[in-house]
Every structure is written in C-alpha cells, then in structure tokens.
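Report on one structure; see the data block that follows.
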Amino acid sequence: MDSYPPILRHQNNQPQTITDPNPNPIQDSDPVPTIDLKHLNHKNLDEACKEWGLFRLVNHGVPITLMEQLQDVTKQVFSLSFETKQEACNESPISYFWGTPALTPSGEALSKGTQNINWVEGFDVPLCKLDQFQHQVASLETIRLLLVDYATHLSRIATTLFEAMAKNLDLNLKDTKSYLAENTGIVRVYRYPRTDAGWGMEVHTDSSVLSILNQDDHVSGLQVLKDDQWLTVKPVSNTLVVNLGDMMQAISSDTYKSVSHRVKVEKDIERISICYFVFPGEDAVIESSKYKPFTYNDFRAQVQQDIKDLGHKVGLARFHLNQDS
C-alpha cells in the first residue's frame with residue numbers, strides 16, 4: 001500500500017456505498033468493431049467512426065514484445081513508493097497525478113472533497129520532451145527508452161488512421177494537416193488500484209483527435225456507451241483500442257463520434273493501461289459547419305475553466321454554433 005498515494009490508501013479503508021451515476025444497462029458481450037491496419041478497409045473504418053467512435057485495431061505493426069515490456073515496466077514504476085514517484089517528477093516535464101484525470105491538478109480536485117476521487121494514479125508524459133527526463137531509478141529510465149520506441153509506432157498509426165478518416169470525410173488533407181500534430185503526442189500511463197469503493201474514471205469523452213489504448217491483457221475495465229447501453233471492451237492480446245475524441249468530432253462536423261466512456265475498477269486485481277493521445281497543432285483553427293472556429297488551446301482553456309467553476313467538463317457544447325456563450 002505504500003506505493004499508493006495517501007488519499008487512495010485512506011479512502012480504501014473507508015466503508016462506502018457506490019451507486020452508478022449513469023445506470024444504463026450493461027451488456028457483457030463485446031461487439032466492438034475490428035479494423036485491420038495492414039489491410040485497411042475505408043468503408044469499415046467509416047462505419048466504426050460514425051456508429052461507435054471506437055474500434056479494436058489489429059495488425060497494427062507494434063511488436064508484441066514492446067507492448068508486453070511496457071506493461072511490465074509500468075507495473076514496476078507504479079510499485080515504487082509514492083514519495084519516489086513524486087520526487088521523480090519534480091522539475092520534470094512529466095507530471096504525476098492521482099485521484100483525478102490529468103487535466104486537473106490532483107490537489108485542486110481533492111480540495112473539493114473526497115467524493116470527487118477517481119480511483120487512479122498516473123503519469124502524463126509529453127513525448128517530445130522525453131529526452132529531458134533521465135533518471136537514476138532503473139525502471140524509470142527503462143520506461144523512458146521504451147516510450148521513445150513506442151511513440152514512433154503510435155505516431156505512424158495515428159497518421160495512417162487520420163489520413164484515411166480525412167479521405168472518407170472528403171477533407172482537403174493539405175488544409176487539415178495541422179489538425180493532427182505529432183509533436184502534441186502524449187502518453188498517459190494509469191494504474192487503477194484494487195478496490196470496490198468507486199470508479200477508476202468517471203464518464204467522459206477525450207479531448208484529443210485520437211486516443212490509442214494498450215490495455216492490460218488480463219483485466220477488463222473500459223466501458224463505452226453505445227445506444228444507451230454500457231458495453232465492456234474486453235482485453236484482447238496484441239490489439240489496440242482506438243477511440244475518437246472531441247477534436248475529431250468537431251473536425252468531422254459531428255459525422256464522427258467522440259465516444260463516452262468510463263473505467264470500472266476491480267476489487268481483487270489492479271489494472272494497468274497505457275494510452276496515447278494526439279491533438280491539433282497549437283495554432284490550428286478548426287473550421288466546421290457545426291462549431292464556431294476555435295483552436296485546441298481555446299478548447300483546453302475552456303475545459304479547465306469549466307472544471308474549476310462547475311466541477312466538470314462541458315466540452316464541445318461550448319463551441320456549438322447554437323451556443324450563445
């Protein structure tokens with residue numbers, strides 16, 4: 001337990017009654033569409049993006065040994081003491097967070113009360129700054145080196161998928177090139193502790209263009225909302241799970257879907273997940289028939305303000321053409 005942040009250790013000892021804030025039916029089957037990156041079928045991809053906003057990716061070209069090594073070393077990193085993890089990120093481009101998504105500083109969220117806790121801890125890793133993070137702790141240096149290799153593969157996958165989506169949407173790829181900027185790529189590694197005291201991550205949509213998840217082969221937890229039903233996305237070895245974020249929905253003028261999802265924790269086993277997020281370039285203005293022109297910086301600032309003022313993300317609705325403020 002010494003490896004967990006103190007607030008998670010404390011809360012895990014408190015008796016709690018957990019209710020589902022979104023009590024839609026849960027379907028245990030897994031009809032998530034599968035997309036083959038090596039033999040990319042544009043029609044199947046288009047349908048998955050329109051109907052689901054999420055799909056399982058096979059033949060993605062990431063060596064399975066690299067994916068397994070990342071999972072193993074991530075477990076080693078999380079098993080370090082809380083103090084070691086905190087200290088490792090002092091004056092570092094990598095941030096360490098707990099009890100809240102990375103978008104909101106841990107202390108700020110927790111100061112509002114423990115009822116807002118998400119049962120998660122994680123590291124937020126800007127990939128373009130990996131060379132600035134070198135550490136004497138062996139597992140931290142190992143994960144840095146692995147992420148350098150992993151980032152190359154994920155950037156390739158994201159670019160291939162985005163170009164295919166742009167073609168399906170009849171977008172001018174030259175004009176939309178800055179909508180997917182490789183230098184914005186980040187990886188967030190998450191650990192969801194053993195508990196029956198709450199949710200690992202509450203219902204949300206990602207703010208990214210694309211999110212690409214390498215989830216634990218043996219522990220499920222990711223649930224997506226489809227047709228008012230919650231579906232569990234079961235872990236399948238040597239596959240990735242891709243979901244579309246708010247930026248892709250805006251770029252597509254709502255043709256494609258930013259999928260609502262959440263993470264359920266398990267009472268008897270931890271879960272590790274590694275997710276890659278990529279965003280538009282800093283100054284790229286998203287032009288859409290459904291939304292006012294905005295940059296991702298505009299969007300992020302509004303999300304952070306809403307979290308501070310309201311306690312939750314409002315998201316794309318703030319930029320809709322029918323939105324007055």
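Going by the structure tokens order, chains are called A, B, ..., each with residues numbered from 1, while ligands are numbered from 1 in the order shown.
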
Contacts of segment 222-227 of chain A at 7 Å (only C-alpha atoms; same-chain gap of 5+ positions) as a compact mmCIF listing (two decimals) with C-alpha atoms, in the first residue's frame:
```
# COMPACT_ATOMS: atom_id res chain seq x y z
CA TRP A 52 -19.14 3.76 -32.44
CA THR A 232 -17.40 -3.71 -21.59
CA VAL A 233 -14.46 -3.58 -24.02
CA SER A 260 -18.43 8.49 -23.94
CA HIS A 261 -16.52 6.01 -21.81
CA ARG A 262 -15.57 5.21 -18.22
CA VAL A 263 -13.35 2.83 -16.28
CA LYS A 264 -14.58 0.32 -13.72
```

Open item on the list: With only C-alpha atoms as the counted atoms, please give the residues lying no more than 12 Å from Tyr291 of chain A, apart from itself and same-chain residues fewer than 6 positions off, as a PyMOL selection string.
Closed with: chain A and resi 246-247+249-254+285+299+315-324

TODO: Could you give me the residues within segment 154-276 of chain A that DSSP places in strand (DSSP E), as a PyMOL selection string?
DONE: chain A and resi 181-192+199-204+210-215+222-226+229-232+240-244+261-264+271-276

Those residues you just picked out, can you put them in a file as a short mmCIF file (atom, residue, chain, number, x, y, z; two decimals), in the first residue's frame with N, CA and C atoms?
```
data_model
loop_
_atom_site.label_atom_id
_atom_site.label_comp_id
_atom_site.auth_asym_id
_atom_site.auth_seq_id
_atom_site.Cartn_x
_atom_site.Cartn_y
_atom_site.Cartn_z
N ALA A 181 -1.06 16.97 -35.06
CA ALA A 181 0.33 17.40 -34.93
C ALA A 181 1.10 16.39 -34.08
N GLU A 182 2.09 15.73 -34.70
CA GLU A 182 2.83 14.69 -33.99
C GLU A 182 3.49 15.21 -32.72
N ASN A 183 3.91 16.47 -32.73
CA ASN A 183 4.62 16.98 -31.55
C ASN A 183 3.70 17.22 -30.35
N THR A 184 2.39 17.03 -30.55
CA THR A 184 1.46 17.14 -29.41
C THR A 184 1.25 15.80 -28.71
N GLY A 185 1.82 14.73 -29.26
CA GLY A 185 1.57 13.39 -28.72
C GLY A 185 1.99 13.25 -27.27
N ILE A 186 1.13 12.70 -26.48
CA ILE A 186 1.44 12.41 -25.08
C ILE A 186 1.02 10.97 -24.77
N VAL A 187 1.68 10.40 -23.79
CA VAL A 187 1.26 9.09 -23.27
C VAL A 187 0.89 9.28 -21.81
N ARG A 188 -0.23 8.72 -21.43
CA ARG A 188 -0.61 8.67 -20.02
C ARG A 188 -0.64 7.21 -19.62
N VAL A 189 0.11 6.90 -18.59
CA VAL A 189 0.08 5.53 -18.04
C VAL A 189 -0.73 5.59 -16.75
N TYR A 190 -1.64 4.66 -16.61
CA TYR A 190 -2.57 4.66 -15.49
C TYR A 190 -2.46 3.37 -14.70
N ARG A 191 -2.63 3.50 -13.38
CA ARG A 191 -2.85 2.33 -12.53
C ARG A 191 -4.16 2.52 -11.79
N TYR A 192 -5.03 1.51 -11.90
CA TYR A 192 -6.29 1.51 -11.18
C TYR A 192 -6.17 0.49 -10.04
N TRP A 199 -15.21 4.50 -8.85
CA TRP A 199 -14.90 4.34 -10.27
C TRP A 199 -13.45 4.72 -10.54
N GLY A 200 -12.83 4.01 -11.46
CA GLY A 200 -11.48 4.36 -11.86
C GLY A 200 -11.44 5.67 -12.61
N MET A 201 -12.40 5.85 -13.49
CA MET A 201 -12.55 7.10 -14.23
C MET A 201 -14.04 7.28 -14.50
N GLU A 202 -14.54 8.45 -14.18
CA GLU A 202 -15.96 8.73 -14.39
C GLU A 202 -16.24 8.91 -15.88
N VAL A 203 -17.51 8.96 -16.23
CA VAL A 203 -17.92 9.10 -17.63
C VAL A 203 -17.33 10.38 -18.22
N HIS A 204 -16.72 10.25 -19.39
CA HIS A 204 -16.11 11.40 -20.04
C HIS A 204 -15.90 11.11 -21.52
N LEU A 210 -7.37 11.64 -31.65
CA LEU A 210 -7.41 10.19 -31.50
C LEU A 210 -6.76 9.80 -30.17
N SER A 211 -7.26 8.73 -29.57
CA SER A 211 -6.64 8.12 -28.39
C SER A 211 -6.43 6.64 -28.71
N ILE A 212 -5.23 6.14 -28.40
CA ILE A 212 -4.89 4.75 -28.75
C ILE A 212 -4.45 4.05 -27.47
N LEU A 213 -5.21 3.04 -27.09
CA LEU A 213 -5.05 2.39 -25.79
C LEU A 213 -4.41 1.02 -25.90
N ASN A 214 -3.38 0.81 -25.09
CA ASN A 214 -2.79 -0.51 -24.87
C ASN A 214 -3.23 -0.92 -23.47
N GLN A 215 -4.26 -1.77 -23.39
CA GLN A 215 -4.80 -2.13 -22.07
C GLN A 215 -4.31 -3.49 -21.62
N LEU A 222 -12.53 -1.00 -19.12
CA LEU A 222 -13.04 0.03 -20.02
C LEU A 222 -14.47 -0.29 -20.44
N GLN A 223 -15.36 0.69 -20.29
CA GLN A 223 -16.74 0.55 -20.73
C GLN A 223 -17.10 1.74 -21.62
N VAL A 224 -17.83 1.48 -22.71
CA VAL A 224 -18.24 2.53 -23.64
C VAL A 224 -19.76 2.56 -23.73
N LEU A 225 -20.29 3.74 -23.99
CA LEU A 225 -21.74 3.92 -24.10
C LEU A 225 -22.15 3.83 -25.56
N LYS A 226 -23.00 2.86 -25.87
CA LYS A 226 -23.47 2.65 -27.24
C LYS A 226 -24.97 2.39 -27.19
N GLN A 229 -26.55 1.85 -23.87
CA GLN A 229 -26.10 0.67 -23.13
C GLN A 229 -24.61 0.79 -22.87
N TRP A 230 -24.18 0.38 -21.67
CA TRP A 230 -22.76 0.31 -21.39
C TRP A 230 -22.22 -1.04 -21.83
N LEU A 231 -21.16 -1.01 -22.64
CA LEU A 231 -20.53 -2.23 -23.13
C LEU A 231 -19.12 -2.33 -22.56
N THR A 232 -18.75 -3.48 -22.06
CA THR A 232 -17.40 -3.71 -21.59
C THR A 232 -16.50 -4.08 -22.76
N LEU A 240 -4.88 -3.10 -30.10
CA LEU A 240 -5.00 -1.76 -29.52
C LEU A 240 -6.46 -1.33 -29.63
N VAL A 241 -6.89 -0.48 -28.74
CA VAL A 241 -8.24 0.09 -28.82
C VAL A 241 -8.10 1.56 -29.17
N VAL A 242 -8.77 1.96 -30.25
CA VAL A 242 -8.71 3.34 -30.72
C VAL A 242 -10.05 4.00 -30.48
N ASN A 243 -10.04 5.17 -29.84
CA ASN A 243 -11.30 5.92 -29.77
C ASN A 243 -11.10 7.35 -30.26
N LEU A 244 -12.15 7.90 -30.82
CA LEU A 244 -12.12 9.26 -31.33
C LEU A 244 -12.42 10.22 -30.20
N HIS A 261 -17.04 7.23 -22.41
CA HIS A 261 -16.52 6.01 -21.81
C HIS A 261 -16.16 6.25 -20.35
N ARG A 262 -15.92 5.16 -19.64
CA ARG A 262 -15.57 5.21 -18.22
C ARG A 262 -14.73 3.98 -17.90
N VAL A 263 -14.18 3.97 -16.70
CA VAL A 263 -13.35 2.83 -16.28
C VAL A 263 -13.86 2.30 -14.95
N LYS A 264 -14.14 1.02 -14.93
CA LYS A 264 -14.58 0.32 -13.72
C LYS A 264 -13.36 -0.33 -13.06
N ARG A 271 -5.33 -2.81 -12.40
CA ARG A 271 -5.35 -2.74 -13.85
C ARG A 271 -4.37 -1.65 -14.30
N ILE A 272 -3.58 -1.98 -15.32
CA ILE A 272 -2.64 -1.03 -15.91
C ILE A 272 -3.09 -0.73 -17.33
N SER A 273 -3.09 0.54 -17.72
CA SER A 273 -3.36 0.88 -19.12
C SER A 273 -2.41 1.99 -19.55
N ILE A 274 -2.10 1.98 -20.84
CA ILE A 274 -1.17 2.94 -21.43
C ILE A 274 -1.87 3.56 -22.62
N CYS A 275 -2.11 4.86 -22.58
CA CYS A 275 -2.89 5.50 -23.64
C CYS A 275 -2.11 6.63 -24.29
N TYR A 276 -2.14 6.64 -25.61
CA TYR A 276 -1.51 7.69 -26.43
C TYR A 276 -2.60 8.64 -26.91
#
```

Shell of 9 Å around Phe78 of chain A, only C-alpha atoms, local chain residues under 2 positions omitted, as a PDB file with all heavy atoms, in the first residue's frame:
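Saved as selection.pdb:
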```pdb
ATOM      1  N   SER A   3       2.940   2.207  -2.003  1.00  0.00           N
ATOM      2  CA  SER A   3       3.122   2.747  -3.351  1.00  0.00           C
ATOM      3  C   SER A   3       1.932   3.609  -3.775  1.00  0.00           C
ATOM      4  O   SER A   3       2.037   4.394  -4.716  1.00  0.00           O
ATOM      5  CB  SER A   3       3.322   1.615  -4.361  1.00  0.00           C
ATOM      6  OG  SER A   3       2.135   0.860  -4.524  1.00  0.00           O
ATOM      7  N   TYR A   4       0.786   3.472  -3.100  1.00  0.00           N
ATOM      8  CA  TYR A   4      -0.380   4.265  -3.452  1.00  0.00           C
ATOM      9  C   TYR A   4      -0.277   5.668  -2.867  1.00  0.00           C
ATOM     10  O   TYR A   4       0.281   5.863  -1.773  1.00  0.00           O
ATOM     11  CB  TYR A   4      -1.662   3.616  -2.918  1.00  0.00           C
ATOM     12  CG  TYR A   4      -2.100   2.373  -3.632  1.00  0.00           C
ATOM     13  CD1 TYR A   4      -2.550   1.267  -2.915  1.00  0.00           C
ATOM     14  CD2 TYR A   4      -2.069   2.301  -5.009  1.00  0.00           C
ATOM     15  CE1 TYR A   4      -2.964   0.111  -3.563  1.00  0.00           C
ATOM     16  CE2 TYR A   4      -2.473   1.153  -5.661  1.00  0.00           C
ATOM     17  CZ  TYR A   4      -2.911   0.059  -4.939  1.00  0.00           C
ATOM     18  OH  TYR A   4      -3.310  -1.074  -5.587  1.00  0.00           O
ATOM     19  N   VAL A  73       7.147  -2.969 -17.285  1.00  0.00           N
ATOM     20  CA  VAL A  73       7.932  -1.901 -16.656  1.00  0.00           C
ATOM     21  C   VAL A  73       7.008  -0.882 -16.005  1.00  0.00           C
ATOM     22  O   VAL A  73       7.336  -0.320 -14.949  1.00  0.00           O
ATOM     23  CB  VAL A  73       8.868  -1.235 -17.690  1.00  0.00           C
ATOM     24  CG1 VAL A  73       9.589  -0.045 -17.071  1.00  0.00           C
ATOM     25  CG2 VAL A  73       9.877  -2.241 -18.211  1.00  0.00           C
ATOM     26  N   THR A  74       5.844  -0.651 -16.600  1.00  0.00           N
ATOM     27  CA  THR A  74       4.883   0.266 -15.987  1.00  0.00           C
ATOM     28  C   THR A  74       4.468  -0.241 -14.611  1.00  0.00           C
ATOM     29  O   THR A  74       4.361   0.530 -13.655  1.00  0.00           O
ATOM     30  CB  THR A  74       3.649   0.420 -16.894  1.00  0.00           C
ATOM     31  OG1 THR A  74       4.050   0.997 -18.133  1.00  0.00           O
ATOM     32  CG2 THR A  74       2.603   1.326 -16.252  1.00  0.00           C
ATOM     33  N   LYS A  75       4.262  -1.549 -14.476  1.00  0.00           N
ATOM     34  CA  LYS A  75       3.928  -2.126 -13.168  1.00  0.00           C
ATOM     35  C   LYS A  75       5.062  -1.898 -12.172  1.00  0.00           C
ATOM     36  O   LYS A  75       4.824  -1.593 -10.994  1.00  0.00           O
ATOM     37  CB  LYS A  75       3.629  -3.621 -13.320  1.00  0.00           C
ATOM     38  CG  LYS A  75       2.330  -3.912 -14.061  1.00  0.00           C
ATOM     39  CD  LYS A  75       2.152  -5.391 -14.342  1.00  0.00           C
ATOM     40  CE  LYS A  75       0.904  -5.631 -15.184  1.00  0.00           C
ATOM     41  NZ  LYS A  75       0.759  -7.055 -15.589  1.00  0.00           N
ATOM     42  N   GLN A  76       6.308  -2.030 -12.647  1.00  0.00           N
ATOM     43  CA  GLN A  76       7.453  -1.787 -11.769  1.00  0.00           C
ATOM     44  C   GLN A  76       7.488  -0.330 -11.307  1.00  0.00           C
ATOM     45  O   GLN A  76       7.768  -0.052 -10.134  1.00  0.00           O
ATOM     46  CB  GLN A  76       8.750  -2.130 -12.499  1.00  0.00           C
ATOM     47  CG  GLN A  76       8.941  -3.598 -12.820  1.00  0.00           C
ATOM     48  CD  GLN A  76      10.186  -3.838 -13.658  1.00  0.00           C
ATOM     49  OE1 GLN A  76      11.171  -3.120 -13.551  1.00  0.00           O
ATOM     50  NE2 GLN A  76      10.138  -4.848 -14.519  1.00  0.00           N
ATOM     51  N   LEU A  80       6.888   1.519  -7.157  1.00  0.00           N
ATOM     52  CA  LEU A  80       7.790   2.365  -6.377  1.00  0.00           C
ATOM     53  C   LEU A  80       6.992   3.097  -5.309  1.00  0.00           C
ATOM     54  O   LEU A  80       5.785   3.272  -5.419  1.00  0.00           O
ATOM     55  CB  LEU A  80       8.481   3.383  -7.294  1.00  0.00           C
ATOM     56  CG  LEU A  80       9.392   2.828  -8.387  1.00  0.00           C
ATOM     57  CD1 LEU A  80       9.807   3.947  -9.345  1.00  0.00           C
ATOM     58  CD2 LEU A  80      10.632   2.165  -7.785  1.00  0.00           C
ATOM     59  N   SER A  81       7.678   3.555  -4.284  1.00  0.00           N
ATOM     60  CA  SER A  81       6.979   4.280  -3.225  1.00  0.00           C
ATOM     61  C   SER A  81       6.373   5.570  -3.784  1.00  0.00           C
ATOM     62  O   SER A  81       6.868   6.142  -4.765  1.00  0.00           O
ATOM     63  CB  SER A  81       7.937   4.624  -2.086  1.00  0.00           C
ATOM     64  OG  SER A  81       8.845   5.635  -2.486  1.00  0.00           O
ATOM     65  N   PHE A  82       5.296   6.005  -3.162  1.00  0.00           N
ATOM     66  CA  PHE A  82       4.638   7.254  -3.552  1.00  0.00           C
ATOM     67  C   PHE A  82       5.635   8.409  -3.566  1.00  0.00           C
ATOM     68  O   PHE A  82       5.670   9.219  -4.498  1.00  0.00           O
ATOM     69  CB  PHE A  82       3.488   7.550  -2.589  1.00  0.00           C
ATOM     70  CG  PHE A  82       2.899   8.920  -2.734  1.00  0.00           C
ATOM     71  CD1 PHE A  82       2.176   9.274  -3.866  1.00  0.00           C
ATOM     72  CD2 PHE A  82       3.075   9.875  -1.729  1.00  0.00           C
ATOM     73  CE1 PHE A  82       1.640  10.541  -4.002  1.00  0.00           C
ATOM     74  CE2 PHE A  82       2.534  11.142  -1.857  1.00  0.00           C
ATOM     75  CZ  PHE A  82       1.810  11.481  -2.997  1.00  0.00           C
ATOM     76  N   LYS A  85       7.984   8.358  -6.623  1.00  0.00           N
ATOM     77  CA  LYS A  85       7.298   8.787  -7.846  1.00  0.00           C
ATOM     78  C   LYS A  85       7.102  10.298  -7.866  1.00  0.00           C
ATOM     79  O   LYS A  85       7.285  10.947  -8.892  1.00  0.00           O
ATOM     80  CB  LYS A  85       5.958   8.050  -7.980  1.00  0.00           C
ATOM     81  CG  LYS A  85       6.121   6.574  -8.320  1.00  0.00           C
ATOM     82  CD  LYS A  85       4.800   5.835  -8.404  1.00  0.00           C
ATOM     83  CE  LYS A  85       4.209   5.543  -7.046  1.00  0.00           C
ATOM     84  NZ  LYS A  85       3.079   4.601  -7.108  1.00  0.00           N
ATOM     85  N   GLU A 121      -4.116   6.471 -10.427  1.00  0.00           N
ATOM     86  CA  GLU A 121      -2.912   7.304 -10.384  1.00  0.00           C
ATOM     87  C   GLU A 121      -2.236   7.152 -11.738  1.00  0.00           C
ATOM     88  O   GLU A 121      -2.435   6.155 -12.444  1.00  0.00           O
ATOM     89  CB  GLU A 121      -1.965   6.891  -9.247  1.00  0.00           C
ATOM     90  CG  GLU A 121      -1.372   5.517  -9.408  1.00  0.00           C
ATOM     91  CD  GLU A 121      -0.273   5.215  -8.392  1.00  0.00           C
ATOM     92  OE1 GLU A 121       0.562   6.103  -8.126  1.00  0.00           O
ATOM     93  OE2 GLU A 121      -0.248   4.085  -7.878  1.00  0.00           O
ATOM     94  N   GLY A 122      -1.438   8.152 -12.121  1.00  0.00           N
ATOM     95  CA  GLY A 122      -0.835   8.058 -13.430  1.00  0.00           C
ATOM     96  C   GLY A 122       0.272   9.067 -13.663  1.00  0.00           C
ATOM     97  O   GLY A 122       0.517   9.970 -12.856  1.00  0.00           O
ATOM     98  N   TYR A 190      -1.635   4.658 -16.612  1.00  0.00           N
ATOM     99  CA  TYR A 190      -2.572   4.660 -15.491  1.00  0.00           C
ATOM    100  C   TYR A 190      -2.455   3.370 -14.696  1.00  0.00           C
ATOM    101  O   TYR A 190      -2.267   2.290 -15.260  1.00  0.00           O
ATOM    102  CB  TYR A 190      -4.022   4.738 -15.989  1.00  0.00           C
ATOM    103  CG  TYR A 190      -4.387   5.922 -16.846  1.00  0.00           C
ATOM    104  CD1 TYR A 190      -4.428   5.798 -18.234  1.00  0.00           C
ATOM    105  CD2 TYR A 190      -4.742   7.140 -16.286  1.00  0.00           C
ATOM    106  CE1 TYR A 190      -4.802   6.871 -19.029  1.00  0.00           C
ATOM    107  CE2 TYR A 190      -5.120   8.219 -17.077  1.00  0.00           C
ATOM    108  CZ  TYR A 190      -5.142   8.080 -18.452  1.00  0.00           C
ATOM    109  OH  TYR A 190      -5.508   9.139 -19.239  1.00  0.00           O
ATOM    110  N   ARG A 191      -2.631   3.498 -13.379  1.00  0.00           N
ATOM    111  CA  ARG A 191      -2.846   2.325 -12.533  1.00  0.00           C
ATOM    112  C   ARG A 191      -4.160   2.517 -11.786  1.00  0.00           C
ATOM    113  O   ARG A 191      -4.373   3.533 -11.128  1.00  0.00           O
ATOM    114  CB  ARG A 191      -1.719   2.122 -11.518  1.00  0.00           C
ATOM    115  CG  ARG A 191      -2.004   0.932 -10.582  1.00  0.00           C
ATOM    116  CD  ARG A 191      -0.806   0.526  -9.734  1.00  0.00           C
ATOM    117  NE  ARG A 191      -0.517   1.458  -8.661  1.00  0.00           N
ATOM    118  CZ  ARG A 191       0.221   1.145  -7.588  1.00  0.00           C
ATOM    119  NH1 ARG A 191       0.736  -0.074  -7.459  1.00  0.00           N
ATOM    120  NH2 ARG A 191       0.468   2.047  -6.655  1.00  0.00           N
TER     121      ARG A 191
END
```

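If you measure from each of A:Gln86, A:Ser207, A:Asn168, A:Thr100 to Trp119 of chain A using only C-alpha atoms, the closest one turns out to be A:Thr100.
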
- [ ] For Lys313 of chain A, work out the shell of residues within 8 Å, counting only C-alpha atoms and skipping chain neighbours fewer than 4 positions away, then give it as JSON, numbers by chain.
- [x] {"A": [303, 304, 306, 307]}

Write the selection just made, keeping N, CA and C atoms, as a short mmCIF file (atom, residue, chain, number, x, y, z; two decimals), in the first residue's frame?
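What landed in again-v9.cif:
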```
data_model
loop_
_atom_site.label_atom_id
_atom_site.label_comp_id
_atom_site.auth_asym_id
_atom_site.auth_seq_id
_atom_site.Cartn_x
_atom_site.Cartn_y
_atom_site.Cartn_z
N VAL A 303 -12.25 24.11 -21.07
CA VAL A 303 -12.47 22.91 -20.26
C VAL A 303 -11.93 23.12 -18.84
N GLN A 304 -10.73 23.65 -18.74
CA GLN A 304 -10.15 23.87 -17.42
C GLN A 304 -10.96 24.88 -16.61
N ASP A 306 -14.23 25.42 -16.96
CA ASP A 306 -15.48 24.77 -16.57
C ASP A 306 -15.27 23.81 -15.40
N ILE A 307 -14.15 23.09 -15.42
CA ILE A 307 -13.86 22.18 -14.30
C ILE A 307 -13.71 22.98 -13.01
#
```

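When atom CA of Leu45 of chain A is paired with atom CA of Val219 of chain A, their separation reads 26.5 Å.
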
- [ ] Excluding segment 169-175 of chain A and any residue of its chain fewer than 2 positions from it, enumerate the residues within 12 Å of it, using only C-alpha atoms, and give them as a VMD selection string.
- [x] chain A and resid 42 to 43 45 to 47 49 to 50 159 162 to 167 177 to 180 248 to 249 251 to 256 284 to 288

Open item on the list: If we count only C-alpha atoms and set the cut-off at 8 Å, which residues sit around Asp196 of chain A, ignoring sequence neighbours fewer than 5 positions away in its own chain? Please answer as a PyMOL selection string.
Closed with: chain A and resi 265-267

- [ ] Name the residues in contact with Leu130 of chain A at a cut-off of 8 Å, using only C-alpha atoms, excluding same-chain residues fewer than 4 positions from it; report them as a ChimeraX atom specification.
- [x] /A:93,125-126,144,148

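Proximity to Thr84 of chain A was assessed for A:Ile269, A:Val209, A:Leu140, A:Ala301 counting only C-alpha atoms; the smallest distance is recorded for A:Leu140.
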
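Proximity ranking of A:Thr295, A:Asn238, A:Gln305, A:Gln71 relative to Arg56 of chain A places A:Asn238 first, based on only C-alpha atoms.
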
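Take atom CA of His153 of chain A and atom CA of Trp98 of chain A: the distance between them is 27.6 Å.
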
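The nearest approach to Phe133 of chain A among the residues A:Leu70, A:Ile94, A:Val236, A:Leu57, with only C-alpha atoms taken into account, belongs to A:Ile94.
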
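Distance check against Phe277 of chain A using only C-alpha atoms: of A:Leu146, A:Leu161, A:Leu127, A:Tyr296, the minimum falls on A:Leu127.
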